[in-house]
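start.cif, holding mmCIF, C-alpha atoms and all ligand atoms:
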data_structure
#
loop_
_atom_site.group_PDB
_atom_site.id
_atom_site.type_symbol
_atom_site.label_atom_id
_atom_site.label_comp_id
_atom_site.auth_asym_id
_atom_site.auth_seq_id
_atom_site.Cartn_x
_atom_site.Cartn_y
_atom_site.Cartn_z
ATOM 1 C CA GLU A 1 125.668 24.808 127.425
ATOM 2 C CA ARG A 2 122.647 22.614 126.838
ATOM 3 C CA LYS A 3 119.505 22.745 128.959
ATOM 4 C CA ILE A 4 118.566 19.384 130.387
ATOM 5 C CA ASN A 5 115.396 18.247 132.152
ATOM 6 C CA ILE A 6 115.688 16.926 135.689
ATOM 7 C CA ALA A 7 113.079 14.555 137.158
ATOM 8 C CA ILE A 8 112.840 14.121 140.934
ATOM 9 C CA ASP A 9 110.575 11.431 142.358
ATOM 10 C CA GLY A 10 110.199 9.902 145.780
ATOM 11 C CA TYR A 11 108.073 9.302 148.841
ATOM 12 C CA SER A 12 106.009 11.967 150.587
ATOM 13 C CA SER A 13 107.917 14.567 152.612
ATOM 14 C CA CYS A 14 111.393 13.568 151.495
ATOM 15 C CA GLY A 15 112.425 17.122 150.715
ATOM 16 C CA LYS A 16 111.881 16.805 146.979
ATOM 17 C CA SER A 17 110.620 20.331 146.491
ATOM 18 C CA THR A 18 113.387 21.876 148.597
ATOM 19 C CA LEU A 19 116.008 20.112 146.517
ATOM 20 C CA ALA A 20 114.224 20.842 143.231
ATOM 21 C CA LYS A 21 113.981 24.552 144.037
ATOM 22 C CA GLY A 22 117.658 24.635 144.992
ATOM 23 C CA ILE A 23 118.728 22.996 141.741
ATOM 24 C CA ALA A 24 116.490 25.281 139.674
ATOM 25 C CA LYS A 25 117.910 28.353 141.360
ATOM 26 C CA ALA A 26 121.524 27.238 140.949
ATOM 27 C CA LEU A 27 121.111 26.388 137.251
ATOM 28 C CA GLY A 28 118.647 29.129 136.321
ATOM 29 C CA TYR A 29 116.017 26.539 135.418
ATOM 30 C CA ALA A 30 112.241 26.552 135.930
ATOM 31 C CA TYR A 31 110.823 24.579 138.843
ATOM 32 C CA ILE A 32 107.531 22.733 138.370
ATOM 33 C CA ASP A 33 105.753 21.251 141.390
ATOM 34 C CA SER A 34 103.575 18.522 139.897
ATOM 35 C CA GLY A 35 102.155 17.573 143.311
ATOM 36 C CA ALA A 36 100.728 21.090 143.615
ATOM 37 C CA MET A 37 98.656 20.403 140.492
ATOM 38 C CA TYR A 38 97.109 17.253 142.011
ATOM 39 C CA ARG A 39 96.511 19.216 145.203
ATOM 40 C CA ALA A 40 94.745 22.011 143.279
ATOM 41 C CA VAL A 41 92.383 19.522 141.584
ATOM 42 C CA THR A 42 91.699 18.050 145.047
ATOM 43 C CA LEU A 43 90.868 21.504 146.418
ATOM 44 C CA TYR A 44 88.428 21.976 143.547
ATOM 45 C CA ALA A 45 86.729 18.693 144.451
ATOM 46 C CA ILE A 46 86.407 19.692 148.126
ATOM 47 C CA ARG A 47 85.025 23.128 147.303
ATOM 48 C CA ASN A 48 82.524 21.815 144.802
ATOM 49 C CA GLY A 49 80.887 19.123 146.892
ATOM 50 C CA LEU A 50 82.719 16.271 145.203
ATOM 51 C CA SER A 51 83.966 14.787 148.456
ATOM 52 C CA ASN A 52 82.231 13.484 151.518
ATOM 53 C CA ASN A 53 83.171 11.277 154.458
ATOM 54 C CA ASP A 54 86.760 11.161 153.255
ATOM 55 C CA GLU A 55 85.653 9.818 149.891
ATOM 56 C CA ILE A 56 86.069 11.474 146.500
ATOM 57 C CA ASP A 57 83.199 11.314 143.999
ATOM 58 C CA GLU A 58 85.431 10.060 141.195
ATOM 59 C CA SER A 59 82.931 10.073 138.334
ATOM 60 C CA GLY A 60 81.602 13.466 139.443
ATOM 61 C CA LEU A 61 85.124 14.875 139.333
ATOM 62 C CA GLU A 62 85.807 13.319 135.938
ATOM 63 C CA THR A 63 82.835 15.115 134.409
ATOM 64 C CA GLU A 64 84.018 18.421 135.905
ATOM 65 C CA LEU A 65 87.591 18.156 134.616
ATOM 66 C CA ASP A 66 87.065 20.460 131.635
ATOM 67 C CA ASN A 67 86.093 23.234 134.059
ATOM 68 C CA ILE A 68 89.385 23.035 135.938
ATOM 69 C CA THR A 69 92.515 24.916 134.951
ATOM 70 C CA VAL A 70 95.683 24.737 136.983
ATOM 71 C CA ASP A 71 98.705 26.901 136.301
ATOM 72 C CA PHE A 72 101.478 28.796 138.021
ATOM 73 C CA THR A 73 102.214 32.459 138.398
ATOM 74 C CA ASN A 74 105.225 34.263 139.744
ATOM 75 C CA SER A 75 104.604 36.616 142.641
ATOM 76 C CA ASN A 76 107.499 38.275 144.509
ATOM 77 C CA GLY A 77 109.876 35.700 143.075
ATOM 78 C CA MET A 78 107.740 32.861 144.441
ATOM 79 C CA ASN A 79 106.042 30.218 142.362
ATOM 80 C CA MET A 80 102.315 30.299 143.142
ATOM 81 C CA THR A 81 99.825 27.634 142.124
ATOM 82 C CA ARG A 82 96.575 28.894 140.612
ATOM 83 C CA LEU A 83 93.229 27.125 140.385
ATOM 84 C CA ASN A 84 90.958 28.722 137.784
ATOM 85 C CA GLY A 85 92.959 31.918 138.088
ATOM 86 C CA GLU A 86 92.919 32.113 141.900
ATOM 87 C CA ILE A 87 96.137 31.735 143.876
ATOM 88 C CA VAL A 88 95.641 28.726 146.153
ATOM 89 C CA GLU A 89 99.234 28.128 147.243
ATOM 90 C CA ASN A 90 98.358 28.040 150.963
ATOM 91 C CA GLU A 91 95.038 26.192 150.789
ATOM 92 C CA ILE A 92 96.477 23.263 148.834
ATOM 93 C CA ARG A 93 98.959 22.496 151.645
ATOM 94 C CA ASN A 94 96.373 21.919 154.373
ATOM 95 C CA MET A 95 95.570 18.537 155.934
ATOM 96 C CA GLU A 96 92.129 18.255 154.339
ATOM 97 C CA VAL A 97 93.744 18.333 150.901
ATOM 98 C CA SER A 98 96.626 16.065 151.979
ATOM 99 C CA ALA A 99 94.107 13.508 153.243
ATOM 100 C CA LEU A 100 92.277 13.280 149.888
ATOM 101 C CA VAL A 101 94.920 14.004 147.251
ATOM 102 C CA SER A 102 96.024 10.401 146.733
ATOM 103 C CA GLN A 103 92.418 9.460 145.958
ATOM 104 C CA VAL A 104 92.287 12.146 143.298
ATOM 105 C CA SER A 105 95.679 11.285 141.838
ATOM 106 C CA ARG A 106 94.718 7.678 141.214
ATOM 107 C CA ILE A 107 92.022 8.747 138.710
ATOM 108 C CA LYS A 108 93.220 8.013 135.196
ATOM 109 C CA LYS A 109 91.596 11.032 133.526
ATOM 110 C CA VAL A 110 93.066 13.380 136.112
ATOM 111 C CA ARG A 111 96.531 11.961 135.519
ATOM 112 C CA GLU A 112 96.173 12.234 131.734
ATOM 113 C CA LYS A 113 95.124 15.865 131.906
ATOM 114 C CA LEU A 114 97.908 16.911 134.278
ATOM 115 C CA ARG A 115 100.570 14.856 132.513
ATOM 116 C CA LEU A 116 99.926 16.644 129.213
ATOM 117 C CA MET A 117 100.235 20.016 130.929
ATOM 118 C CA GLN A 118 103.468 18.960 132.641
ATOM 119 C CA GLN A 119 104.960 17.688 129.390
ATOM 120 C CA ASP A 120 103.981 20.836 127.549
ATOM 121 C CA ALA A 121 105.765 22.960 130.164
ATOM 122 C CA SER A 122 108.972 20.946 129.710
ATOM 123 C CA ARG A 123 109.185 20.823 125.945
ATOM 124 C CA PHE A 124 112.079 23.304 125.650
ATOM 125 C CA GLY A 125 114.180 21.771 128.452
ATOM 126 C CA GLY A 126 115.647 23.584 131.427
ATOM 127 C CA VAL A 127 113.037 22.258 133.844
ATOM 128 C CA VAL A 128 113.316 20.666 137.272
ATOM 129 C CA MET A 129 110.093 18.807 138.081
ATOM 130 C CA ASP A 130 109.276 16.850 141.219
ATOM 131 C CA GLY A 131 106.520 14.326 141.853
ATOM 132 C CA ARG A 132 105.847 10.597 141.812
ATOM 133 C CA ASP A 133 105.834 9.600 138.131
ATOM 134 C CA ILE A 134 108.100 12.195 136.533
ATOM 135 C CA GLY A 135 110.970 9.852 135.620
ATOM 136 C CA SER A 136 108.634 7.008 134.710
ATOM 137 C CA ALA A 137 105.773 8.671 132.822
ATOM 138 C CA VAL A 138 105.954 12.461 132.474
ATOM 139 C CA LEU A 139 109.602 12.884 131.424
ATOM 140 C CA PRO A 140 110.829 9.372 130.587
ATOM 141 C CA PHE A 141 113.618 10.956 128.519
ATOM 142 C CA ALA A 142 114.826 13.345 131.234
ATOM 143 C CA GLU A 143 118.625 13.481 131.177
ATOM 144 C CA LEU A 144 118.855 13.288 134.983
ATOM 145 C CA LYS A 145 116.496 11.319 137.212
ATOM 146 C CA ILE A 146 116.760 11.337 140.985
ATOM 147 C CA PHE A 147 114.810 9.072 143.323
ATOM 148 C CA MET A 148 114.616 10.399 146.877
ATOM 149 C CA THR A 149 113.965 8.535 150.058
ATOM 150 C CA ALA A 150 114.545 8.984 153.793
ATOM 151 C CA ASN A 151 113.726 7.247 157.040
ATOM 152 C CA LYS A 152 109.977 7.510 157.728
ATOM 153 C CA ASP A 153 110.299 8.908 161.268
ATOM 154 C CA ILE A 154 112.668 11.589 160.039
ATOM 155 C CA ARG A 155 110.267 12.515 157.254
ATOM 156 C CA ALA A 156 107.313 12.787 159.659
ATOM 157 C CA MET A 157 109.370 14.909 162.058
ATOM 158 C CA ARG A 158 110.500 17.271 159.303
ATOM 159 C CA ARG A 159 106.923 17.767 158.075
ATOM 160 C CA PHE A 160 105.716 18.222 161.671
ATOM 161 C CA GLU A 161 108.222 21.012 162.267
ATOM 162 C CA GLU A 162 107.359 22.651 158.952
ATOM 163 C CA LEU A 163 103.613 22.699 159.704
ATOM 164 C CA ALA A 164 104.135 23.737 163.336
ATOM 165 C CA GLU A 165 106.120 26.713 162.085
ATOM 166 C CA LYS A 166 103.138 27.701 159.931
ATOM 167 C CA GLY A 167 100.918 27.477 163.014
ATOM 168 C CA GLU A 168 98.976 24.345 161.992
ATOM 169 C CA THR A 169 97.782 22.349 164.973
ATOM 170 C CA ILE A 170 98.418 18.753 164.102
ATOM 171 C CA THR A 171 100.044 15.876 165.936
ATOM 172 C CA LEU A 172 103.097 13.940 164.837
ATOM 173 C CA GLU A 173 100.901 10.818 164.834
ATOM 174 C CA GLU A 174 98.436 12.365 162.376
ATOM 175 C CA ILE A 175 101.267 13.350 160.076
ATOM 176 C CA ARG A 176 102.850 9.923 160.242
ATOM 177 C CA ALA A 177 99.491 8.294 159.429
ATOM 178 C CA ASN A 178 98.971 10.623 156.445
ATOM 179 C CA LEU A 179 102.453 9.921 155.058
ATOM 180 C CA GLU A 180 101.981 6.169 155.399
ATOM 181 C CA LYS A 181 98.583 6.259 153.748
ATOM 182 C CA ARG A 182 99.762 8.388 150.831
ATOM 183 C CA ASP A 183 102.892 6.302 150.259
ATOM 184 C CA LEU A 184 100.776 3.149 150.220
ATOM 185 C CA LEU A 185 98.192 4.548 147.790
ATOM 186 C CA ASP A 186 100.843 6.185 145.594
ATOM 187 C CA THR A 187 102.974 3.014 145.272
ATOM 188 C CA THR A 188 100.091 0.581 144.756
ATOM 189 C CA ARG A 189 97.731 2.472 142.428
ATOM 190 C CA LYS A 190 97.168 1.178 138.915
ATOM 191 C CA GLU A 191 97.922 4.374 136.989
ATOM 192 C CA ASN A 192 101.601 5.356 137.024
ATOM 193 C CA PRO A 193 102.455 4.370 140.586
ATOM 194 C CA LEU A 194 105.554 5.672 142.323
ATOM 195 C CA VAL A 195 108.537 3.487 141.361
ATOM 196 C CA GLN A 196 112.274 3.948 141.202
ATOM 197 C CA VAL A 197 113.018 3.540 137.488
ATOM 198 C CA PRO A 198 116.282 1.720 136.674
ATOM 199 C CA ASP A 199 117.998 4.851 135.356
ATOM 200 C CA ALA A 200 117.214 6.984 138.442
ATOM 201 C CA LEU A 201 120.004 7.804 140.885
ATOM 202 C CA LEU A 202 119.097 7.081 144.491
ATOM 203 C CA LEU A 203 119.399 9.867 147.039
ATOM 204 C CA ASP A 204 118.722 8.748 150.617
ATOM 205 C CA ASN A 205 118.861 11.968 152.601
ATOM 206 C CA THR A 206 118.169 10.551 156.081
ATOM 207 C CA LYS A 207 121.560 11.758 157.279
ATOM 208 C CA MET A 208 122.237 14.549 154.797
ATOM 209 C CA THR A 209 121.913 18.307 155.178
ATOM 210 C CA GLU A 210 120.080 20.325 152.519
ATOM 211 C CA LYS A 211 123.421 21.661 151.313
ATOM 212 C CA GLU A 212 124.908 18.191 150.944
ATOM 213 C CA GLN A 213 121.902 17.073 148.928
ATOM 214 C CA LEU A 214 122.126 20.085 146.647
ATOM 215 C CA ASN A 215 125.854 19.577 146.080
ATOM 216 C CA GLN A 216 125.327 15.923 145.221
ATOM 217 C CA ALA A 217 122.539 16.739 142.742
ATOM 218 C CA LEU A 218 124.539 19.559 141.135
ATOM 219 C CA ASP A 219 127.542 17.235 140.730
ATOM 220 C CA TRP A 220 125.307 14.795 138.888
ATOM 221 C CA ALA A 221 123.746 17.538 136.752
ATOM 222 C CA LYS A 222 127.032 19.183 135.793
ATOM 223 C CA GLU A 223 128.338 15.946 134.332
ATOM 224 C CA LEU A 224 125.447 16.069 131.870
ATOM 225 C CA ILE A 225 125.396 19.734 130.929
HETATM 226 O O1 LIG B 301 104.408 16.154 146.177
HETATM 227 P P1 LIG B 301 103.164 16.246 147.008
HETATM 228 O O2 LIG B 301 103.315 15.569 148.339
HETATM 229 O O3 LIG B 301 102.647 17.626 147.131
HETATM 230 O O4 LIG B 301 102.080 15.419 146.186
HETATM 231 C C1 LIG B 301 100.775 15.253 146.677
HETATM 232 C C2 LIG B 301 100.153 13.988 146.096
HETATM 233 O O5 LIG B 301 99.945 14.158 144.692
HETATM 234 C C3 LIG B 301 100.966 12.712 146.218
HETATM 235 O O6 LIG B 301 100.774 12.065 147.463
HETATM 236 C C4 LIG B 301 100.415 11.889 145.061
HETATM 237 O O7 LIG B 301 99.209 11.248 145.412
HETATM 238 C C5 LIG B 301 100.094 12.934 144.018
HETATM 239 N N1 LIG B 301 101.114 13.060 142.979
HETATM 240 C C6 LIG B 301 101.113 12.148 141.952
HETATM 241 N N2 LIG B 301 101.997 12.280 140.907
HETATM 242 C C7 LIG B 301 102.863 13.282 140.882
HETATM 243 C C8 LIG B 301 102.905 14.215 141.947
HETATM 244 C C9 LIG B 301 102.019 14.070 143.003
HETATM 245 O O8 LIG B 301 100.330 11.213 141.959
HETATM 246 N N3 LIG B 301 103.697 13.403 139.839
#
Just dump the structure as structure tokens.
Amino acid sequence: ERKINIAIDGYSSCGKSTLAKGIAKALGYAYIDSGAMYRAVTLYAIRNGLSNNDEIDESGLETELDNITVDFTNSNGMNMTRLNGEIVENEIRNMEVSALVSQVSRIKKVREKLRLMQQDASRFGGVVMDGRDIGSAVLPFAELKIFMTANKDIRAMRRFEELAEKGETITLEEIRANLEKRDLLDTTRKENPLVQVPDALLLDNTKMTEKEQLNQALDWAKELI
């Protein structure tokens, strides 16, 4: 049985990571959350005074890039993102990071650095990676590419429920505004914007359960393995 690479791209809060984790578990593959890496660099910028008034100091962050390492560690069977050795899995999911991450991810030097790390992690195959430019730029030769989308109101509602469960006090309106802003920045930026590449299979999960999505993706994958 050969080990393929699977690229999952799509809009914010489409359930990409849930699906990617499910596929990785079912196939015994590694899951790589590329968005977490952009979020970790954003957290670094916030902590080191490289952001103010909702603006990122882009050139300041560029000169700091060599001081930033992002990697993953396994703790209790969970994939944890680390920033310079510190587990930051929770911090990178907060609204402050979500509000600034698309400004960080449009910086060319940031993208170059993270892309090389993502490619290095996938060189032996057997990886499921989700993000915005995986099928187009990071793993253009991935055997299976999936492009996910869902109705915007449904996406906002799902994220709202997820954050409410974690005890974050945030309104549905704030979440909707953040999703819209990120989708706009992510699809219109110059460096590797989010696009559905021609060889990606479309998965619109507006009316699908998690199980249905997983079964669909595994059907696609098994044809290639
Ligand atoms: O996937 P997630 O929502 O955590 O990604 C956070 C942000 O990171 C995205 O809105 C996007 O700006 C950026 N990103 C990216 N390229 C990727 C993954 C994420 O630009 N491959």
If you apply the PyMOL selection byres (((chain A and resi 217) around 10) and not hetatm) to this file, what residues do you get, as a list of chain:residue names?
A:Ile6, A:Leu19, A:Ala20, A:Gly22, A:Ile23, A:Leu144, A:Lys145, A:Ile146, A:Leu201, A:Leu203, A:Lys211, A:Glu212, A:Gln213, A:Leu214, A:Asn215, A:Gln216, A:Leu218, A:Asp219, A:Trp220, A:Ala221, A:Lys222
Care to translate the PyMOL selection byres (((chain A and resi 53-57) around 12) and not hetatm) into actual residues of this file, as a PyMOL selection string?
chain A and resi 41-52+58-64+95-107
Output C-alpha atoms of each residue in that selection to a file, as a PDB file, keeping the file's coordinate frame.
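The new file part-v7.pdb reads:
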ATOM      1  CA  VAL A  41      92.383  19.522 141.584  1.00  0.00           C
ATOM      2  CA  THR A  42      91.699  18.050 145.047  1.00  0.00           C
ATOM      3  CA  LEU A  43      90.868  21.504 146.418  1.00  0.00           C
ATOM      4  CA  TYR A  44      88.428  21.976 143.547  1.00  0.00           C
ATOM      5  CA  ALA A  45      86.729  18.693 144.451  1.00  0.00           C
ATOM      6  CA  ILE A  46      86.407  19.692 148.126  1.00  0.00           C
ATOM      7  CA  ARG A  47      85.025  23.128 147.303  1.00  0.00           C
ATOM      8  CA  ASN A  48      82.524  21.815 144.802  1.00  0.00           C
ATOM      9  CA  GLY A  49      80.887  19.123 146.892  1.00  0.00           C
ATOM     10  CA  LEU A  50      82.719  16.271 145.203  1.00  0.00           C
ATOM     11  CA  SER A  51      83.966  14.787 148.456  1.00  0.00           C
ATOM     12  CA  ASN A  52      82.231  13.484 151.518  1.00  0.00           C
ATOM     13  CA  GLU A  58      85.431  10.060 141.195  1.00  0.00           C
ATOM     14  CA  SER A  59      82.931  10.073 138.334  1.00  0.00           C
ATOM     15  CA  GLY A  60      81.602  13.466 139.443  1.00  0.00           C
ATOM     16  CA  LEU A  61      85.124  14.875 139.333  1.00  0.00           C
ATOM     17  CA  GLU A  62      85.807  13.319 135.938  1.00  0.00           C
ATOM     18  CA  THR A  63      82.835  15.115 134.409  1.00  0.00           C
ATOM     19  CA  GLU A  64      84.018  18.421 135.905  1.00  0.00           C
ATOM     20  CA  MET A  95      95.570  18.537 155.934  1.00  0.00           C
ATOM     21  CA  GLU A  96      92.129  18.255 154.339  1.00  0.00           C
ATOM     22  CA  VAL A  97      93.744  18.333 150.901  1.00  0.00           C
ATOM     23  CA  SER A  98      96.626  16.065 151.979  1.00  0.00           C
ATOM     24  CA  ALA A  99      94.107  13.508 153.243  1.00  0.00           C
ATOM     25  CA  LEU A 100      92.277  13.280 149.888  1.00  0.00           C
ATOM     26  CA  VAL A 101      94.920  14.004 147.251  1.00  0.00           C
ATOM     27  CA  SER A 102      96.024  10.401 146.733  1.00  0.00           C
ATOM     28  CA  GLN A 103      92.418   9.460 145.958  1.00  0.00           C
ATOM     29  CA  VAL A 104      92.287  12.146 143.298  1.00  0.00           C
ATOM     30  CA  SER A 105      95.679  11.285 141.838  1.00  0.00           C
ATOM     31  CA  ARG A 106      94.718   7.678 141.214  1.00  0.00           C
ATOM     32  CA  ILE A 107      92.022   8.747 138.710  1.00  0.00           C
TER      33      ILE A 107
END
Have a look at CA of Asp71 (chain A) and CA of Leu83 (chain A) and let me know their distance in Å, one decimal.
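Straight-line distance from CA of Asp71 (chain A) to CA of Leu83 (chain A) works out to 6.8 Å.
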What does the list of residues within 8 Å of ligand LIG 301 (chain B) look like if you count only C-alpha atoms and all ligand atoms, written as a PDB file with C-alpha atoms, in the frame of the given file?
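selection.pdb written:
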ATOM      1  CA  ASP A   9     110.575  11.431 142.358  1.00  0.00           C
ATOM      2  CA  TYR A  11     108.073   9.302 148.841  1.00  0.00           C
ATOM      3  CA  SER A  12     106.009  11.967 150.587  1.00  0.00           C
ATOM      4  CA  SER A  13     107.917  14.567 152.612  1.00  0.00           C
ATOM      5  CA  LYS A  16     111.881  16.805 146.979  1.00  0.00           C
ATOM      6  CA  SER A  17     110.620  20.331 146.491  1.00  0.00           C
ATOM      7  CA  ASP A  33     105.753  21.251 141.390  1.00  0.00           C
ATOM      8  CA  SER A  34     103.575  18.522 139.897  1.00  0.00           C
ATOM      9  CA  GLY A  35     102.155  17.573 143.311  1.00  0.00           C
ATOM     10  CA  ALA A  36     100.728  21.090 143.615  1.00  0.00           C
ATOM     11  CA  MET A  37      98.656  20.403 140.492  1.00  0.00           C
ATOM     12  CA  TYR A  38      97.109  17.253 142.011  1.00  0.00           C
ATOM     13  CA  ARG A  39      96.511  19.216 145.203  1.00  0.00           C
ATOM     14  CA  ARG A  93      98.959  22.496 151.645  1.00  0.00           C
ATOM     15  CA  SER A  98      96.626  16.065 151.979  1.00  0.00           C
ATOM     16  CA  VAL A 101      94.920  14.004 147.251  1.00  0.00           C
ATOM     17  CA  SER A 102      96.024  10.401 146.733  1.00  0.00           C
ATOM     18  CA  GLN A 103      92.418   9.460 145.958  1.00  0.00           C
ATOM     19  CA  VAL A 104      92.287  12.146 143.298  1.00  0.00           C
ATOM     20  CA  SER A 105      95.679  11.285 141.838  1.00  0.00           C
ATOM     21  CA  ARG A 106      94.718   7.678 141.214  1.00  0.00           C
ATOM     22  CA  ARG A 111      96.531  11.961 135.519  1.00  0.00           C
ATOM     23  CA  ASP A 130     109.276  16.850 141.219  1.00  0.00           C
ATOM     24  CA  GLY A 131     106.520  14.326 141.853  1.00  0.00           C
ATOM     25  CA  ARG A 132     105.847  10.597 141.812  1.00  0.00           C
ATOM     26  CA  ASP A 133     105.834   9.600 138.131  1.00  0.00           C
ATOM     27  CA  ILE A 134     108.100  12.195 136.533  1.00  0.00           C
ATOM     28  CA  VAL A 138     105.954  12.461 132.474  1.00  0.00           C
ATOM     29  CA  ARG A 182      99.762   8.388 150.831  1.00  0.00           C
ATOM     30  CA  ASP A 183     102.892   6.302 150.259  1.00  0.00           C
ATOM     31  CA  LEU A 185      98.192   4.548 147.790  1.00  0.00           C
ATOM     32  CA  ASP A 186     100.843   6.185 145.594  1.00  0.00           C
ATOM     33  CA  ASN A 192     101.601   5.356 137.024  1.00  0.00           C
ATOM     34  CA  PRO A 193     102.455   4.370 140.586  1.00  0.00           C
ATOM     35  CA  LEU A 194     105.554   5.672 142.323  1.00  0.00           C
TER      36      LEU A 194
END
How many Å separate CA of Gly85 (chain A) from CA of Ile8 (chain A)?
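Going from CA of Gly85 (chain A) over to CA of Ile8 (chain A) covers 26.8 Å.
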What does the structure give for the distance between CA of Asn84 (chain A) and CA of Asn67 (chain A), in Å to one decimal?
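Going from CA of Asn84 (chain A) over to CA of Asn67 (chain A), I get 8.2 Å.
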Applying the PyMOL selection byres (((chain A and resi 166-177) around 9) and not hetatm) to the file I just gave you, which residues come out? Please list them as a PyMOL selection string.
chain A and resi 94-95+152-153+155-157+159-165+178-182
Can you work out which one of A:Asp120, A:Glu143, A:Glu112, A:Glu86 has the shortest atom-to-atom distance to Thr69 (chain A), counting only C-alpha atoms?
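Among the listed residues, A:Glu86 lies closest to Thr69 (chain A).
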Using all atoms listed in the file: which of A:Gln118, A:Thr18, A:Asn76, A:Thr81 has the shortest distance to Met148 (chain A)
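Once distances to Met148 (chain A) are computed over all atoms listed in the file, the minimum belongs to A:Thr18.
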